[in-house]
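Asker: Dumping the structure here so I can ask a few things about it.
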Amino acid sequence: MVHAVVVPKVVTEGKKRGEIPPMPLERDEKSQFNYGVCDPLWDIDTLPLTYNDSRWIAIIIECRMEDLTKIVPKPLEVVDNRVEWWFVRHKYTMLGPYYEMGVTIPCRYKDPIAGKEYYGGYYPYMYLTGSAATDAGRVLGFPKKCAYIIFHEHGGDVRQPDHKKDFFTCLIARNGYVINSVTGMYDDAVKASDIAPIFYGKKEWGRFNLKITSNSDLSKTVWELTYLPSEWEGKHRFQLKPETIRTASPDSIEWFGQGTPFDNMCAALPPRKILGAIAFTFDLIIPPAQVLWTQTYTRTPEEVAKACYATPYRYGMRQYFPKPTGE
Amino acid sequence: MGMYHDARIPGRDFLAPGARPEVPPLPWERPARDIICHAYADPVFDNDILPLTYTNSRWLAFILEVPKSDLEKIVPPPLKVEDTKVEFWYVDHNHTMLGPYYEMGVTIACSYTDENGRKWLGGYYPYMYLSQDSAIFAGREPFGFPKKKASIRILEHGGGFDRGELPPETRPGKYFSVYMERRGYLIHTATGYYDMKPVPPPIFYGKTEWGRFNMKLTTSPDLKKTEWALTYLHSLWQGEHRFQLRANTIATASPDAIRTFYLQATPFDNMGEYLKNAKLLGLIAFNFDLIIPPAATVWTKTVTRTDDDIKKHLLYSKAYQYTLRHDFPIPRYP
């Protein structure tokens, strides 16, 4: 019989060195901002939220405007139908390493009172492999879910940096279904500037998110349109490393996509045309976000009951999938 | 270039012969006010999880005795610790409105006395881990369950032959093994066999006046405001206990039958540090059905921050400098 509870040296030394912050309930209440309150999913050592040497691959696609306007909520307006469909491999971040996948659509919001126009990429879909990064993003309004994601570059001398490798494979799967797979070769046969979405390299284009949160009895749901300007303390938040850019022409790309019972991304956004792929390495900082617009919906108990779609204790197609085993 | 793209959704636009549609209308086809979380176009959990029910889940609760002074360090005010017997539990969920998942958590008997003098009794969850994302965010965002994602396994086996025809509750399962790992560190494992000896239950077992507490913190996107909400789930729902235990499935293990019980603190998870003085009293396992209705909010507090407060209290790290807590094996969910 071995019954033991252990506090190993990595914890005691990590605290002494300041690499593990004090427990929130031992700190000033202004520093408590996430839960569980005694052991938050992510904590103050995540901030400022920075990224180094992340690797991005963007498949540039054209979609039908009517498809885009369906999935972009009011008060945003779609500005262009050239869409960024991207995978990222994050190695060094304040949230630790993770893979990420998402879609960015160029949009505009016009402030009805001040008349000011905001331009930004809006994220209708976003997936990550880590739960802390998922939740940290959701606080800012990023629409993150967890999924199985791979973005790998290889070929040639494996000791070379990523951008010197010639082949790539991207995959996202969730709840037993492959959602999307993109594989190919960097042939550098298209110019990045020729296929780039409208917002690439423009400092007047920030990023939009729509955060939707409900209270504990579901009697109230608050919608907040958040905005991250492209610049932070006088510099672009997103620092692309030009020497790491690689491109792939449409002839060098293989694409698989499908709608699934759990994720409607490929159902909603069938590409009309693939223009190519652009890959690059970058550093990034994500500061707190501005809130540009809010809307509140309230519900009576009867309306809450009416909104419940399922029948108690009867499980259908959306309730069965391979049991996830965690991290 | 090769391109294969099928936009049809199985269970909606692609149906087996005679099958009925099972995927609910897509969010943009419904009134916007029915959407309860983001993403707008594809929420991480949607209204087809409601009402949130569970059928025939399997619960394994290790009962620990923990000094009250240790428990008070992990229970936030205004909650008060009521008892020192703590439930340290694993759950194997196979049939739920959120799909299947593994779960692990800790429940401490607590109370809250409101401004009118009413005393609310309930189990409070300082720690909770799950293996699946929709269940994590459905628990966190409306209700305040403090869920994190971890790699969790639960196994009961041995003690007889089973050709696979038996329903889960009658399968032989004399031995058990559980473990939980996160970010490359083993947080906990326990193994043993059921000797069916008596094990003292926590104070709240079987009592209808004991509900469940959670402390939810909602922080604004600009980090200038954090709203605290103490949420409460009553034990009764529409006249019945929300938690229906199946009495014929109970199995117990005394401390002598629990071969290993190893719990450690890690750089990412402090449960082992704050439960380091725990004494193991045994294990109680059982099957159950459950419904989780909307929760009441019984106490709130708002903390605001200026720009200087954010710099002073929230920016703990140095930009672009990564250390111990920022480096772990890359997660590849699931």
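Letters A, B, ... mark the chains of the structure tokens in the order given; residue numbers begin at 1 per chain; ligand numbers begin at 1, in order shown.
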Got a sec to tell me which of range 123-315 of chain A DSSP assigns to strand (DSSP E or B), as number ranges by chain?

Answerer: A: 123-128, 144-146, 148-154, 167-174, 177-185, 205-214, 220-228, 231-232, 235-236, 238-248, 253-258, 273-286, 290-298

Asker: Write the residues of the selection above to a file with C-alpha atoms, as a CSV table (one decimal), in the first residue's frame.

Answerer:
```
chain,number,residue,atom,x,y,z
A,123,TYR,CA,-12.9,35.1,-37.1
A,124,PRO,CA,-16.1,33.0,-37.6
A,125,TYR,CA,-14.2,29.7,-36.7
A,126,MET,CA,-11.1,29.0,-34.6
A,127,TYR,CA,-9.7,25.7,-33.2
A,128,LEU,CA,-6.8,25.0,-30.8
A,144,LYS,CA,-12.2,28.9,-29.9
A,145,LYS,CA,-13.0,25.2,-29.7
A,146,CYS,CA,-10.6,22.4,-29.2
A,148,TYR,CA,-7.0,17.6,-33.2
A,149,ILE,CA,-4.7,19.7,-35.4
A,150,ILE,CA,-1.4,19.1,-37.2
A,151,PHE,CA,0.6,21.5,-39.3
A,152,HIS,CA,4.0,20.0,-40.3
A,153,GLU,CA,6.6,21.0,-42.8
A,154,HIS,CA,9.3,18.6,-43.9
A,167,PHE,CA,6.4,20.1,-48.2
A,168,PHE,CA,3.6,20.7,-45.9
A,169,THR,CA,0.6,18.9,-44.4
A,170,CYS,CA,-2.3,20.3,-42.4
A,171,LEU,CA,-5.1,18.4,-40.8
A,172,ILE,CA,-8.0,19.2,-38.4
A,173,ALA,CA,-10.3,16.6,-37.0
A,174,ARG,CA,-12.9,16.7,-34.2
A,177,TYR,CA,-14.6,13.4,-38.3
A,178,VAL,CA,-11.9,14.9,-40.4
A,179,ILE,CA,-13.0,18.4,-41.1
A,180,ASN,CA,-10.2,19.5,-43.4
A,181,SER,CA,-6.8,18.4,-44.8
A,182,VAL,CA,-4.5,20.5,-46.9
A,183,THR,CA,-1.2,19.0,-48.2
A,184,GLY,CA,1.2,20.3,-50.8
A,185,MET,CA,4.6,21.6,-51.9
A,205,TRP,CA,-7.0,46.7,-40.3
A,206,GLY,CA,-7.3,45.2,-36.9
A,207,ARG,CA,-9.2,42.1,-35.7
A,208,PHE,CA,-12.9,41.6,-34.7
A,209,ASN,CA,-14.4,39.0,-32.4
A,210,LEU,CA,-18.0,38.6,-31.2
A,211,LYS,CA,-18.0,37.4,-27.6
A,212,ILE,CA,-21.3,35.8,-26.4
A,213,THR,CA,-21.7,35.0,-22.7
A,214,SER,CA,-24.7,33.9,-20.7
A,220,LYS,CA,-29.4,36.9,-19.9
A,221,THR,CA,-26.9,36.7,-22.8
A,222,VAL,CA,-24.5,39.6,-23.6
A,223,TRP,CA,-23.0,40.1,-27.1
A,224,GLU,CA,-19.8,42.2,-27.3
A,225,LEU,CA,-18.1,43.1,-30.5
A,226,THR,CA,-14.4,43.4,-29.6
A,227,TYR,CA,-11.6,45.0,-31.5
A,228,LEU,CA,-7.9,44.6,-31.5
A,231,GLU,CA,-0.8,48.6,-33.6
A,232,TRP,CA,0.3,48.3,-30.0
A,235,LYS,CA,4.4,49.0,-33.5
A,236,HIS,CA,2.5,46.4,-35.5
A,238,PHE,CA,2.2,41.1,-35.7
A,239,GLN,CA,5.9,41.0,-36.8
A,240,LEU,CA,6.3,39.0,-39.9
A,241,LYS,CA,9.8,37.7,-40.8
A,242,PRO,CA,10.0,38.3,-44.6
A,243,GLU,CA,12.9,35.9,-45.1
A,244,THR,CA,10.7,33.0,-44.0
A,245,ILE,CA,7.9,33.5,-46.6
A,246,ARG,CA,7.2,30.5,-48.8
A,247,THR,CA,4.3,30.2,-51.3
A,248,ALA,CA,2.4,27.4,-53.1
A,253,ILE,CA,-2.1,22.0,-53.2
A,254,GLU,CA,-4.4,19.1,-52.4
A,255,TRP,CA,-7.6,19.9,-50.5
A,256,PHE,CA,-10.1,17.8,-48.6
A,257,GLY,CA,-13.1,19.4,-46.7
A,258,GLN,CA,-16.4,18.2,-45.4
A,273,LYS,CA,-11.5,28.9,-55.8
A,274,ILE,CA,-8.1,28.3,-54.2
A,275,LEU,CA,-5.6,31.0,-55.0
A,276,GLY,CA,-2.6,29.5,-53.3
A,277,ALA,CA,-0.9,29.3,-50.0
A,278,ILE,CA,1.4,31.7,-48.1
A,279,ALA,CA,3.6,30.5,-45.2
A,280,PHE,CA,5.7,32.7,-42.8
A,281,THR,CA,7.2,32.9,-39.4
A,282,PHE,CA,6.2,35.7,-37.0
A,283,ASP,CA,6.2,37.2,-33.5
A,284,LEU,CA,3.0,38.6,-32.0
A,285,ILE,CA,1.6,40.4,-29.0
A,286,ILE,CA,-2.1,40.3,-28.0
A,290,GLN,CA,-11.7,47.2,-27.0
A,291,VAL,CA,-15.4,46.7,-26.9
A,292,LEU,CA,-17.1,48.6,-29.7
A,293,TRP,CA,-20.7,47.4,-29.5
A,294,THR,CA,-22.9,45.4,-27.1
A,295,GLN,CA,-26.3,43.9,-27.2
A,296,THR,CA,-28.2,42.2,-24.3
A,297,TYR,CA,-30.9,39.5,-24.7
A,298,THR,CA,-33.0,38.6,-21.7
```

Asker: List the spatial neighbours of Thr107 in chain B as a PDB file with C-alpha atoms, in the first residue's frame - criterion: any atom at most 9 Å away, only C-alpha atoms, same-chain residues fewer than 6 positions off excluded.

Answerer:
```
ATOM      1  CA  VAL B  86     -13.545  15.545   1.163  1.00  0.00           C
ATOM      2  CA  GLU B  87     -14.667  13.741  -1.970  1.00  0.00           C
ATOM      3  CA  PHE B  88     -11.847  13.184  -4.511  1.00  0.00           C
ATOM      4  CA  TRP B  89     -13.630  11.722  -7.499  1.00  0.00           C
ATOM      5  CA  GLY B 123     -20.413  20.932  -2.053  1.00  0.00           C
ATOM      6  CA  TYR B 124     -17.881  23.381  -3.504  1.00  0.00           C
ATOM      7  CA  TYR B 125     -15.541  22.365  -6.323  1.00  0.00           C
ATOM      8  CA  PRO B 126     -12.039  23.871  -6.002  1.00  0.00           C
ATOM      9  CA  TYR B 127     -10.640  21.606  -8.745  1.00  0.00           C
ATOM     10  CA  ARG B 212     -23.503  22.477  -5.219  1.00  0.00           C
TER      11      ARG B 212
END
```

Asker: May I have the residues within 12 Å of Ser216 in chain A as a ChimeraX atom specification, using only C-alpha atoms and disregarding those fewer than 6 positions away in the same chain?

Answerer: /A:304 /B:36,138-145,213-218,228-233,292-300

Asker: Write to file, as an mmCIF file, in the first residue's frame, the residues of the selection just made, with C-alpha atoms.

Answerer:
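As a result, result-v8.cif now contains:
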```
data_model
loop_
_atom_site.group_PDB
_atom_site.id
_atom_site.type_symbol
_atom_site.label_atom_id
_atom_site.label_comp_id
_atom_site.auth_asym_id
_atom_site.auth_seq_id
_atom_site.Cartn_x
_atom_site.Cartn_y
_atom_site.Cartn_z
ATOM 1 C CA VAL A 304 -35.250 29.403 -21.285
ATOM 2 C CA ILE B 36 -25.949 31.173 -25.704
ATOM 3 C CA ALA B 138 -20.533 24.392 -21.036
ATOM 4 C CA GLY B 139 -19.481 23.941 -17.398
ATOM 5 C CA ARG B 140 -17.300 27.032 -17.169
ATOM 6 C CA GLU B 141 -19.110 29.760 -19.056
ATOM 7 C CA PRO B 142 -22.667 29.783 -17.777
ATOM 8 C CA PHE B 143 -22.292 27.853 -14.506
ATOM 9 C CA GLY B 144 -18.801 28.565 -13.135
ATOM 10 C CA PHE B 145 -17.514 24.976 -12.834
ATOM 11 C CA PHE B 213 -21.539 25.764 -5.279
ATOM 12 C CA ASN B 214 -19.309 27.205 -7.979
ATOM 13 C CA MET B 215 -17.400 30.475 -8.062
ATOM 14 C CA LYS B 216 -17.481 31.995 -11.552
ATOM 15 C CA LEU B 217 -15.228 34.906 -12.557
ATOM 16 C CA THR B 218 -16.142 36.761 -15.741
ATOM 17 C CA TRP B 228 -17.513 37.274 -9.306
ATOM 18 C CA ALA B 229 -20.662 35.151 -9.051
ATOM 19 C CA LEU B 230 -21.268 32.428 -6.479
ATOM 20 C CA THR B 231 -23.620 30.048 -8.267
ATOM 21 C CA TYR B 232 -25.802 27.424 -6.638
ATOM 22 C CA LEU B 233 -27.423 24.257 -7.948
ATOM 23 C CA ILE B 292 -27.968 19.847 -14.406
ATOM 24 C CA PRO B 293 -30.509 22.701 -14.664
ATOM 25 C CA PRO B 294 -29.705 26.433 -14.844
ATOM 26 C CA ALA B 295 -27.996 27.637 -11.631
ATOM 27 C CA ALA B 296 -29.010 30.419 -9.253
ATOM 28 C CA THR B 297 -26.547 33.217 -8.486
ATOM 29 C CA VAL B 298 -26.554 33.825 -4.714
ATOM 30 C CA TRP B 299 -23.692 36.341 -4.273
ATOM 31 C CA THR B 300 -21.787 38.729 -6.525
#
```

Asker: Using only C-alpha atoms, which protein or nucleic acid residues come within 8 Å of Thr191 in chain B? Drop anything in the same chain fewer than 2 positions from it, and give the result as a list in words.

Answerer: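 Counting only C-alpha atoms, the residues come to Tyr175, Phe176, Ser177, Val178, Thr189, Tyr193, Ile258, Arg259, Thr260 and Phe261 of chain B.
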
Asker: Quick one: residues within 6 Å of range 67-84 of chain A, only C-alpha atoms, excluding same-chain residues fewer than 5 positions away - as a ChimeraX atom specification?

Answerer: /A:58,60-62,103-109,197 /B:41

Asker: Residues at most 8 Å from Met180 in chain B, counting only C-alpha atoms, excluding those fewer than 4 positions away in the same chain, as number ranges by chain?

Answerer: B: 150-153, 186-189

Asker: With distances taken over only C-alpha atoms, which of A:Asp251, A:Ser193, A:Arg159, A:Glu303 is nearest to chain B?

Answerer: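 That would be A:Asp251, the residue with the smallest distance to chain B.
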
Asker: Which is closest to chain A among B:Glu156, B:Asp308, B:Asp34, B:Asp83, if we use only C-alpha atoms?

Answerer: B:Asp34

Asker: Could you check the closest approach to chain B for each of A:Gly115, A:Gly326, A:Gly201, A:Pro271 and tell me which residue wins, using only C-alpha atoms?

Answerer: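 Among A:Gly115, A:Gly326, A:Gly201, A:Pro271, it is A:Gly326 that comes nearest to chain B.
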